[in-house]
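With mmCIF, C-alpha atoms and all ligand atoms inside, this is protein.cif:
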data_data
#
loop_
_atom_site.label_atom_id
_atom_site.label_comp_id
_atom_site.auth_asym_id
_atom_site.auth_seq_id
_atom_site.Cartn_x
_atom_site.Cartn_y
_atom_site.Cartn_z
CA MET A 1 18.36 -7.98 -17.58
CA PRO A 2 15.07 -6.22 -16.68
CA ALA A 3 15.16 -3.62 -13.90
CA VAL A 4 12.04 -5.22 -12.44
CA SER A 5 10.48 -8.55 -13.33
CA PHE A 6 7.05 -9.59 -12.04
CA GLN A 7 6.56 -13.28 -12.71
CA ASN A 8 3.05 -14.66 -12.22
CA VAL A 9 2.64 -12.80 -8.93
CA SER A 10 -0.44 -13.65 -6.90
CA LYS A 11 -1.54 -12.45 -3.49
CA THR A 12 -4.44 -13.64 -1.39
CA TYR A 13 -5.29 -11.73 1.77
CA ALA A 14 -7.11 -13.62 4.50
CA SER A 15 -9.74 -11.46 6.15
CA ALA A 16 -12.65 -11.96 8.54
CA ARG A 17 -15.04 -12.18 5.60
CA GLY A 18 -12.99 -14.83 3.81
CA GLU A 19 -10.21 -14.62 1.28
CA LEU A 20 -9.52 -11.76 -1.07
CA GLN A 21 -7.46 -12.32 -4.21
CA ALA A 22 -5.74 -8.97 -4.62
CA LEU A 23 -3.34 -10.17 -7.37
CA LYS A 24 -4.21 -12.93 -9.83
CA GLY A 25 -1.04 -13.84 -11.70
CA VAL A 26 0.58 -10.56 -12.67
CA SER A 27 3.49 -10.79 -15.12
CA PHE A 28 5.47 -8.04 -16.81
CA ASP A 29 9.00 -6.67 -17.02
CA ILE A 30 10.25 -3.11 -16.71
CA GLN A 31 13.45 -2.41 -18.65
CA PRO A 32 16.31 -0.28 -17.31
CA GLY A 33 15.72 3.42 -17.92
CA GLU A 34 11.99 3.09 -18.52
CA PHE A 35 9.45 5.50 -17.05
CA PHE A 36 6.66 3.01 -16.45
CA GLY A 37 3.09 3.71 -15.32
CA LEU A 38 0.92 1.36 -13.29
CA LEU A 39 -2.70 2.48 -13.44
CA GLY A 40 -5.94 1.09 -12.12
CA PRO A 41 -9.02 1.99 -10.11
CA ASN A 42 -9.07 1.95 -6.28
CA GLY A 43 -8.52 -1.56 -5.01
CA ALA A 44 -7.07 -2.88 -8.29
CA GLY A 45 -3.94 -4.13 -6.51
CA LYS A 46 -1.35 -1.46 -7.34
CA THR A 47 -0.13 -0.89 -3.79
CA THR A 48 -0.19 -4.63 -3.13
CA LEU A 49 2.06 -5.22 -6.15
CA ILE A 50 4.43 -2.46 -5.03
CA SER A 51 4.44 -3.84 -1.48
CA VAL A 52 5.43 -7.26 -2.81
CA LEU A 53 8.17 -5.58 -4.87
CA ALA A 54 9.40 -3.68 -1.80
CA GLY A 55 9.42 -6.87 0.28
CA LEU A 56 6.76 -5.49 2.63
CA VAL A 57 4.16 -8.08 1.64
CA ARG A 58 4.90 -11.71 0.85
CA ALA A 59 3.44 -12.96 -2.44
CA SER A 60 1.20 -16.04 -2.29
CA GLY A 61 2.69 -17.22 -5.57
CA GLY A 62 5.13 -16.25 -8.29
CA ARG A 63 8.21 -14.13 -7.81
CA VAL A 64 9.63 -10.66 -8.24
CA LEU A 65 13.18 -9.78 -9.26
CA VAL A 66 14.89 -6.40 -8.97
CA GLN A 67 17.97 -6.25 -11.22
CA GLY A 68 18.00 -10.03 -11.02
CA HIS A 69 17.70 -10.17 -7.23
CA ASP A 70 14.73 -12.09 -5.82
CA VAL A 71 12.90 -9.81 -3.38
CA GLN A 72 12.45 -12.70 -0.94
CA SER A 73 15.56 -14.86 -1.11
CA ASP A 74 17.90 -11.94 -1.89
CA TYR A 75 16.09 -9.21 0.04
CA ALA A 76 19.00 -6.94 1.00
CA ALA A 77 20.33 -6.61 -2.56
CA ALA A 78 16.85 -6.10 -4.00
CA ARG A 79 16.00 -3.50 -1.34
CA ARG A 80 19.21 -1.58 -1.95
CA ALA A 81 18.35 -1.25 -5.65
CA LEU A 82 14.94 0.23 -4.83
CA GLY A 83 13.74 3.62 -3.64
CA VAL A 84 10.11 3.36 -2.66
CA VAL A 85 7.81 6.29 -1.96
CA PRO A 86 4.86 4.73 -0.12
CA GLN A 87 1.25 5.80 -0.55
CA GLU A 88 0.73 6.17 3.19
CA LEU A 89 2.45 8.96 5.10
CA VAL A 90 4.43 7.32 7.90
CA PHE A 91 7.12 9.09 9.92
CA ASP A 92 9.08 9.17 13.08
CA PRO A 93 7.65 12.36 14.63
CA PHE A 94 10.76 13.04 16.72
CA PHE A 95 13.13 13.72 13.83
CA ASN A 96 13.61 16.89 11.91
CA VAL A 97 13.87 16.63 8.14
CA ARG A 98 17.64 16.40 7.89
CA GLU A 99 17.84 13.88 10.74
CA ALA A 100 15.22 11.72 9.07
CA LEU A 101 17.27 11.70 5.87
CA ARG A 102 20.51 10.97 7.73
CA PHE A 103 18.82 8.14 9.60
CA GLN A 104 17.53 6.66 6.37
CA SER A 105 21.03 6.92 4.86
CA GLY A 106 22.41 5.08 7.89
CA TYR A 107 19.91 2.29 7.28
CA PHE A 108 21.69 1.70 3.97
CA GLY A 109 25.11 2.03 5.61
CA ILE A 110 25.85 5.43 4.05
CA HIS A 111 27.44 7.80 6.57
CA HIS A 112 28.64 10.99 4.88
CA ASN A 113 25.67 11.78 2.72
CA ASP A 114 25.07 15.49 3.39
CA ASP A 115 26.03 16.65 -0.11
CA TRP A 116 23.40 14.44 -1.69
CA ILE A 117 20.90 15.22 1.08
CA ASP A 118 21.38 18.94 0.33
CA GLU A 119 20.82 18.28 -3.35
CA LEU A 120 17.63 16.39 -2.55
CA LEU A 121 16.36 19.14 -0.24
CA GLN A 122 17.12 21.70 -2.92
CA GLY A 123 15.60 19.73 -5.77
CA LEU A 124 12.42 19.01 -3.83
CA GLY A 125 11.96 22.54 -2.52
CA LEU A 126 12.72 21.57 1.08
CA ALA A 127 15.91 23.57 1.62
CA ASP A 128 14.31 25.94 4.16
CA LYS A 129 12.69 23.03 6.02
CA ALA A 130 15.83 21.05 6.83
CA GLY A 131 15.59 21.89 10.54
CA ALA A 132 11.82 21.61 10.81
CA ASN A 133 10.33 18.86 12.90
CA MET A 134 8.36 16.33 10.93
CA ARG A 135 5.27 17.08 13.04
CA GLN A 136 5.29 20.72 11.93
CA LEU A 137 5.17 19.94 8.20
CA SER A 138 2.06 20.19 6.07
CA GLY A 139 0.81 17.11 4.23
CA GLY A 140 2.41 18.15 0.96
CA MET A 141 5.76 18.85 2.65
CA LYS A 142 5.67 15.44 4.34
CA ARG A 143 5.12 13.93 0.91
CA ARG A 144 8.27 15.68 -0.33
CA VAL A 145 10.26 14.27 2.59
CA LEU A 146 9.02 10.79 1.72
CA VAL A 147 10.37 11.26 -1.79
CA ALA A 148 13.71 12.50 -0.45
CA GLN A 149 13.87 9.54 1.96
CA ALA A 150 13.31 7.10 -0.87
CA LEU A 151 16.21 8.60 -2.82
CA VAL A 152 18.90 8.96 -0.11
CA HIS A 153 20.81 5.90 -1.31
CA LYS A 154 20.60 6.85 -5.01
CA PRO A 155 18.61 3.77 -5.98
CA PRO A 156 18.66 2.76 -9.66
CA VAL A 157 14.95 1.86 -9.49
CA ILE A 158 12.52 4.47 -8.16
CA VAL A 159 9.00 3.42 -7.20
CA LEU A 160 6.37 6.08 -6.58
CA ASP A 161 2.96 5.09 -5.22
CA GLU A 162 0.74 8.11 -5.82
CA PRO A 163 3.42 10.65 -4.98
CA THR A 164 1.27 13.61 -6.01
CA ALA A 165 -1.90 12.82 -4.06
CA GLY A 166 -2.77 16.00 -2.18
CA VAL A 167 0.19 17.87 -3.60
CA ASP A 168 -0.12 21.39 -5.05
CA VAL A 169 0.59 22.28 -8.68
CA GLU A 170 3.94 23.89 -7.97
CA LEU A 171 5.36 20.92 -6.11
CA ARG A 172 4.06 18.53 -8.72
CA GLN A 173 6.08 20.41 -11.29
CA THR A 174 9.18 20.49 -9.05
CA LEU A 175 8.80 16.81 -8.32
CA TRP A 176 8.38 15.80 -11.96
CA GLN A 177 11.33 17.92 -13.05
CA PHE A 178 13.47 16.24 -10.44
CA ILE A 179 12.29 12.69 -11.17
CA SER A 180 12.49 13.22 -14.94
CA GLN A 181 16.08 14.38 -14.56
CA LEU A 182 16.96 11.24 -12.58
CA ASN A 183 15.21 9.19 -15.26
CA LYS A 184 17.24 10.92 -18.01
CA GLN A 185 20.38 10.07 -16.06
CA GLY A 186 19.39 6.41 -16.22
CA SER A 187 17.12 5.68 -13.26
CA THR A 188 14.17 3.39 -13.87
CA VAL A 189 10.84 4.77 -12.62
CA LEU A 190 7.67 2.90 -11.71
CA LEU A 191 4.80 5.29 -11.05
CA THR A 192 1.22 4.79 -9.92
CA THR A 193 -1.11 7.75 -10.09
CA HIS A 194 -4.76 8.62 -10.49
CA TYR A 195 -3.75 11.80 -12.37
CA LEU A 196 -3.90 10.35 -15.85
CA GLU A 197 -2.56 13.48 -17.53
CA GLU A 198 0.61 13.00 -15.49
CA ALA A 199 0.91 9.40 -16.61
CA GLU A 200 0.26 10.42 -20.22
CA ALA A 201 2.95 13.09 -20.10
CA LEU A 202 5.59 11.09 -18.24
CA CYS A 203 5.26 7.37 -18.90
CA GLY A 204 6.64 5.65 -21.98
CA ARG A 205 4.73 2.46 -21.23
CA ILE A 206 1.67 1.79 -19.14
CA ALA A 207 0.13 -1.27 -17.51
CA MET A 208 -3.48 -1.14 -16.38
CA LEU A 209 -4.65 -3.33 -13.53
CA GLN A 210 -8.23 -4.30 -12.81
CA GLN A 211 -9.15 -6.57 -9.91
CA GLY A 212 -5.66 -7.99 -9.66
CA ARG A 213 -5.16 -8.67 -13.37
CA VAL A 214 -3.23 -6.82 -16.07
CA VAL A 215 -5.87 -5.74 -18.61
CA ALA A 216 -3.64 -3.55 -20.79
CA LEU A 217 0.11 -3.24 -21.25
CA GLU A 218 1.38 -1.03 -24.04
CA LYS A 219 3.37 1.98 -25.08
CA THR A 220 1.50 5.11 -24.07
CA SER A 221 1.48 6.30 -27.69
CA ASP A 222 -0.11 3.01 -28.84
CA LEU A 223 -2.76 3.18 -26.12
CA LEU A 224 -3.67 6.68 -27.22
CA ARG A 225 -3.85 5.63 -30.87
CA GLN A 226 -6.38 2.88 -30.20
CA ALA A 227 -8.81 5.23 -28.44
CA SER A 228 -11.89 6.58 -30.22
CA SER A 229 -9.70 9.35 -31.63
CA ASN A 230 -12.02 12.26 -30.80
CA VAL A 231 -14.32 13.41 -28.05
CA LEU A 232 -17.33 15.67 -28.44
CA ARG A 233 -17.71 17.91 -25.41
CA PHE A 234 -20.57 20.24 -24.53
CA LYS A 235 -22.38 21.71 -21.55
CA THR A 236 -26.07 21.34 -20.83
CA ASP A 237 -28.61 21.84 -18.07
CA GLN A 238 -30.97 19.17 -19.43
CA LYS A 239 -31.08 15.49 -18.60
CA LEU A 240 -29.64 13.26 -21.32
CA PRO A 241 -31.84 10.62 -22.97
CA PRO A 242 -30.82 7.05 -21.99
CA GLY A 243 -29.16 6.31 -25.36
CA LEU A 244 -26.73 9.17 -24.89
CA ALA A 245 -26.32 8.80 -21.15
CA ALA A 246 -25.13 5.21 -21.54
CA GLN A 247 -22.13 6.31 -23.63
CA ALA A 248 -21.41 9.70 -22.11
CA ARG A 249 -18.90 10.74 -19.52
CA VAL A 250 -20.77 13.32 -17.44
CA THR A 251 -19.13 15.67 -14.95
CA GLY A 252 -21.68 18.11 -13.60
CA ARG A 253 -22.91 20.08 -16.62
CA VAL A 254 -20.16 18.78 -18.89
CA VAL A 255 -21.01 15.92 -21.26
CA GLN A 256 -18.35 14.05 -23.24
CA LEU A 257 -19.08 11.53 -25.97
CA PRO A 258 -16.65 9.42 -28.05
CA ALA A 259 -16.67 10.19 -31.77
CA HIS A 260 -14.51 8.88 -34.60
CA ASN A 261 -15.46 11.45 -37.23
CA ALA A 262 -17.63 14.44 -38.13
CA ILE A 263 -20.64 12.26 -38.98
CA GLU A 264 -20.67 10.78 -35.49
CA VAL A 265 -20.39 14.26 -34.00
CA GLU A 266 -23.40 15.38 -36.06
CA GLN A 267 -25.36 12.31 -35.02
CA TRP A 268 -24.75 12.91 -31.31
CA LEU A 269 -25.79 16.54 -31.63
CA ALA A 270 -28.91 15.62 -33.63
CA ARG A 271 -29.96 13.07 -31.03
CA ALA A 272 -29.40 15.60 -28.27
CA ARG A 273 -31.47 18.20 -30.12
CA GLU A 274 -34.30 15.72 -30.75
CA ALA A 275 -34.39 14.97 -27.02
CA GLY A 276 -34.67 18.68 -26.23
CA VAL A 277 -31.12 18.89 -24.89
CA VAL A 278 -29.57 22.30 -25.54
CA ALA A 279 -25.82 21.95 -26.08
CA GLU A 280 -23.67 24.95 -25.15
CA ASP A 281 -19.92 25.55 -25.55
CA VAL A 282 -19.60 22.71 -28.05
CA GLU A 283 -16.05 21.58 -28.78
CA ILE A 284 -14.20 18.60 -30.17
CA ARG A 285 -10.94 17.43 -28.65
CA LYS A 286 -8.48 14.59 -29.14
CA ALA A 287 -9.05 11.56 -26.92
CA ASP A 288 -6.67 11.44 -23.96
CA LEU A 289 -5.44 8.75 -21.61
CA GLU A 290 -8.48 9.15 -19.36
CA ASP A 291 -10.74 8.24 -22.30
CA VAL A 292 -8.57 5.21 -23.06
CA PHE A 293 -8.55 4.20 -19.39
CA ILE A 294 -12.35 4.29 -19.21
CA GLU A 295 -12.67 2.28 -22.44
CA VAL A 296 -10.16 -0.35 -21.30
CA MET A 297 -11.82 -0.72 -17.90
CA GLU A 298 -15.30 -1.06 -19.39
CA ARG A 299 -14.14 -3.59 -21.96
CA ALA A 300 -12.28 -5.62 -19.33
CA SER A 301 -15.13 -5.71 -16.83
CA GLY A 302 -17.47 -6.77 -19.67
CA GLN A 303 -15.12 -9.63 -20.49
CA ALA A 304 -14.78 -10.58 -16.83
CA GLN A 305 -18.59 -10.77 -16.54
CA GLU A 306 -18.85 -12.90 -19.68
CA ALA A 307 -16.24 -15.26 -18.28
CA THR A 308 -18.13 -15.81 -15.04
CA SER A 309 -21.67 -16.03 -16.51
N1 LIG B 401 -3.60 -5.83 4.43
C1 LIG B 401 -4.70 -6.16 3.76
N2 LIG B 401 -5.56 -7.09 4.21
C2 LIG B 401 -6.65 -7.44 3.52
N3 LIG B 401 -6.99 -6.91 2.32
C3 LIG B 401 -6.17 -5.97 1.80
C4 LIG B 401 -4.98 -5.54 2.49
N4 LIG B 401 -4.37 -4.60 1.73
C5 LIG B 401 -5.13 -4.45 0.63
N5 LIG B 401 -6.20 -5.27 0.67
C6 LIG B 401 -7.22 -5.41 -0.38
O1 LIG B 401 -6.55 -5.76 -1.59
C7 LIG B 401 -7.15 -5.10 -2.70
C8 LIG B 401 -6.10 -4.29 -3.43
O2 LIG B 401 -5.69 -3.22 -2.60
P1 LIG B 401 -4.54 -2.21 -3.01
O3 LIG B 401 -4.27 -1.34 -1.86
O4 LIG B 401 -3.41 -2.99 -3.58
O5 LIG B 401 -5.25 -1.39 -4.19
P2 LIG B 401 -4.72 -0.11 -4.99
O6 LIG B 401 -4.78 -0.47 -6.43
O7 LIG B 401 -3.44 0.36 -4.46
O8 LIG B 401 -5.88 0.95 -4.70
P3 LIG B 401 -5.79 2.56 -4.46
O9 LIG B 401 -5.88 3.18 -5.84
O10 LIG B 401 -7.03 2.86 -3.68
O11 LIG B 401 -4.54 2.88 -3.74
C9 LIG B 401 -8.28 -4.27 -2.14
O12 LIG B 401 -9.49 -5.01 -2.30
C10 LIG B 401 -7.94 -4.12 -0.68
O13 LIG B 401 -9.10 -3.99 0.11
MG MG B 402 -2.82 2.07 -3.60
#
As C-alpha cells, the full file:
Amino acid sequence: MPAVSFQNVSKTYASARGELQALKGVSFDIQPGEFFGLLGPNGAGKTTLISVLAGLVRASGGRVLVQGHDVQSDYAAARRALGVVPQELVFDPFFNVREALRFQSGYFGIHHNDDWIDELLQGLGLADKAGANMRQLSGGMKRRVLVAQALVHKPPVIVLDEPTAGVDVELRQTLWQFISQLNKQGSTVLLTTHYLEEAEALCGRIAMLQQGRVVALEKTSDLLRQASSNVLRFKTDQKLPPGLAAQARVTGRVVQLPAHNAIEVEQWLARAREAGVVAEDVEIRKADLEDVFIEVMERASGQAQEATS
C-alpha cells in the first residue's frame, strides 16, 4: 500500500476575479520509506496539494489516501499518520517551546511525551530554548519549532513545505541530518523546496508541478541523466548577442550555457568572441537539478502554449 496516494486531485479556488484552477488532476503515489521531492515555481500548486493532503483544504475532485485512509472520509486516521510542517509560520504566542510541544502531543492524545520531546529539542538544536516564549524566537528558531511540532506524535509520513526557507546553513544541516535519520528508520518524507541542491541531494524521486499539473515524475538520477550533460560557465561584462542570450542562464556577470560536448563548448565560445564578448573564468561543469528544472519548465510551458493555440 502506498504511503500517500494522490488520485486525480483537482482544486478550484473561487476568487473575486473568477475561478482559479490551482490543481488540474494530479495523480501519483509515494511508497513507504521514500524521500520524495515536490518541486515547482511559485504558484504551481505545491502548498495547495499539501493542504489537501493535510485535510486543510477540500479538493474539488479526486481523492487522497494516507496509508489507505481517505483524508476526507477517514480524517482522524489520515491526520494521525501525517506530520506536516507548514510553509507559513503560525503559533500560539502565549506558549513557550516545551508547552507548545506538549500541547501538540495532547492534540494527538499523547500525555507522557517528554522523552521524545527532549530528543526532538536536542536533534533540532532547540535544547536551550525549551523555556523560551515563542514570541522571543527568531524566524529560523520558529521554523525549528514547527518541525518539532510536526513530529511530536512520531508520524510515519513527514511532509515538509519549504522547511529551510530563511534558515541558516548550520540549521539546514542539523535539520537534514535529523530528517534523513528518521527516513533511514523507515519514515516516508515528502519535501517541497526551492533549494534544488537540497532536493538533488536528498530525494530519491521527484515530481515537478507547473500550473497545477505534474510535468515530470522520475527518479532523481534519471532526471539528471536526461539533462544536457554539461554546462559551460563564464563571466563577462559585455552584453550577450540575442542568439546566446536566448539559451543562457544569466546571473549578474555569470553566464551559463548548455553543452553536450567539446564541440558545442567551442561553438559557444566562438560565437561569444565574434560578438566581442570577453569570457573570463571559463569552466565546464556537470548539469545539476537546477538545469534540469529549467529545461523541464521551458519544455512544459512550450507544450502548454501549443495546446492552447
Ligand atoms: N486560499 C486561496 N484562495 C485563492 N487562491 C489561492 C489560495 N491559495 C492559493 N491560491 C492560488 O493557487 C495557486 C497555487 O498556490 P500554492 O500556494 O499552492 O502554490 P505553491 O506551489 O505552493 O507556490 P510557492 O512556491 O510560492 O509556495 C496560486 O495561483 C495561488 O494564488
Ligand atoms: Mg507553497
Excluding stretch 7-12 of chain A and any residue of its chain fewer than 2 positions from it, enumerate the residues within 7 Å of it, using only C-alpha atoms, and give them as a ChimeraX atom specification.
/A:5,14,19-28,59-64
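Our summary of the geometry notes that atom CA of A:Pro32 is positioned 28.8 Å from atom CA of A:Lys142.
Between ligand LIG 401 (chain B) and the candidates A:Met208, A:Val277, A:Val152, A:Leu232, the tightest atom-to-atom separation, counting all atoms listed in the file, involves A:Met208.
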If you count all atoms listed in the file, which residues fall within 12 Å of A:Leu137, apart from same-chain ones fewer than 2 positions away, as a PyMOL selection string?
chain A and resi 89+91+93+95-97+126+128-135+139-146
Select from chain A every residue with an atom at most 12 Å from any atom of ligand MG 402 (chain B), then for each give the shortest pair of atoms and their distance in Å to one decimal, using all atoms listed in the file, rows by chain and rising number, as a Markdown table.
| residue | atom | partner | partner_atom | distance |
| --- | --- | --- | --- | --- |
| A:Ala22 | CA | B:MG402 | MG | 11.5 |
| A:Leu38 | CA | B:MG402 | MG | 10.4 |
| A:Leu39 | CA | B:MG402 | MG | 9.8 |
| A:Gly40 | CA | B:MG402 | MG | 9.1 |
| A:Pro41 | CA | B:MG402 | MG | 9.0 |
| A:Asn42 | CA | B:MG402 | MG | 6.8 |
| A:Gly43 | CA | B:MG402 | MG | 6.9 |
| A:Ala44 | CA | B:MG402 | MG | 8.0 |
| A:Gly45 | CA | B:MG402 | MG | 6.9 |
| A:Lys46 | CA | B:MG402 | MG | 5.3 |
| A:Thr47 | CA | B:MG402 | MG | 4.0 |
| A:Thr48 | CA | B:MG402 | MG | 7.2 |
| A:Leu49 | CA | B:MG402 | MG | 9.1 |
| A:Ile50 | CA | B:MG402 | MG | 8.7 |
| A:Ser51 | CA | B:MG402 | MG | 9.6 |
| A:Val85 | CA | B:MG402 | MG | 11.6 |
| A:Pro86 | CA | B:MG402 | MG | 8.8 |
| A:Gln87 | CA | B:MG402 | MG | 6.3 |
| A:Glu88 | CA | B:MG402 | MG | 8.7 |
| A:Leu160 | CA | B:MG402 | MG | 10.5 |
| A:Asp161 | CA | B:MG402 | MG | 6.7 |
| A:Glu162 | CA | B:MG402 | MG | 7.4 |
| A:Pro163 | CA | B:MG402 | MG | 10.7 |
| A:Ala165 | CA | B:MG402 | MG | 10.8 |
| A:Leu191 | CA | B:MG402 | MG | 11.1 |
| A:Thr192 | CA | B:MG402 | MG | 8.0 |
| A:Thr193 | CA | B:MG402 | MG | 8.8 |
| A:His194 | CA | B:MG402 | MG | 9.7 |
| A:Leu209 | CA | B:MG402 | MG | 11.5 |
Closest of A:Leu175, A:Val52, A:Ile30, A:Ala227 to ligand LIG 401 (chain B) - atom-to-atom distances counting all atoms listed in the file:
A:Val52
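Closest to A:Ala216 among A:Gly125, A:Glu306, A:Gly18, A:Arg299 is A:Arg299, based on all atoms listed in the file.
Reported to one decimal place, the separation of atom CA of A:Ala77 from atom CA of A:Lys184 is 23.6 Å.
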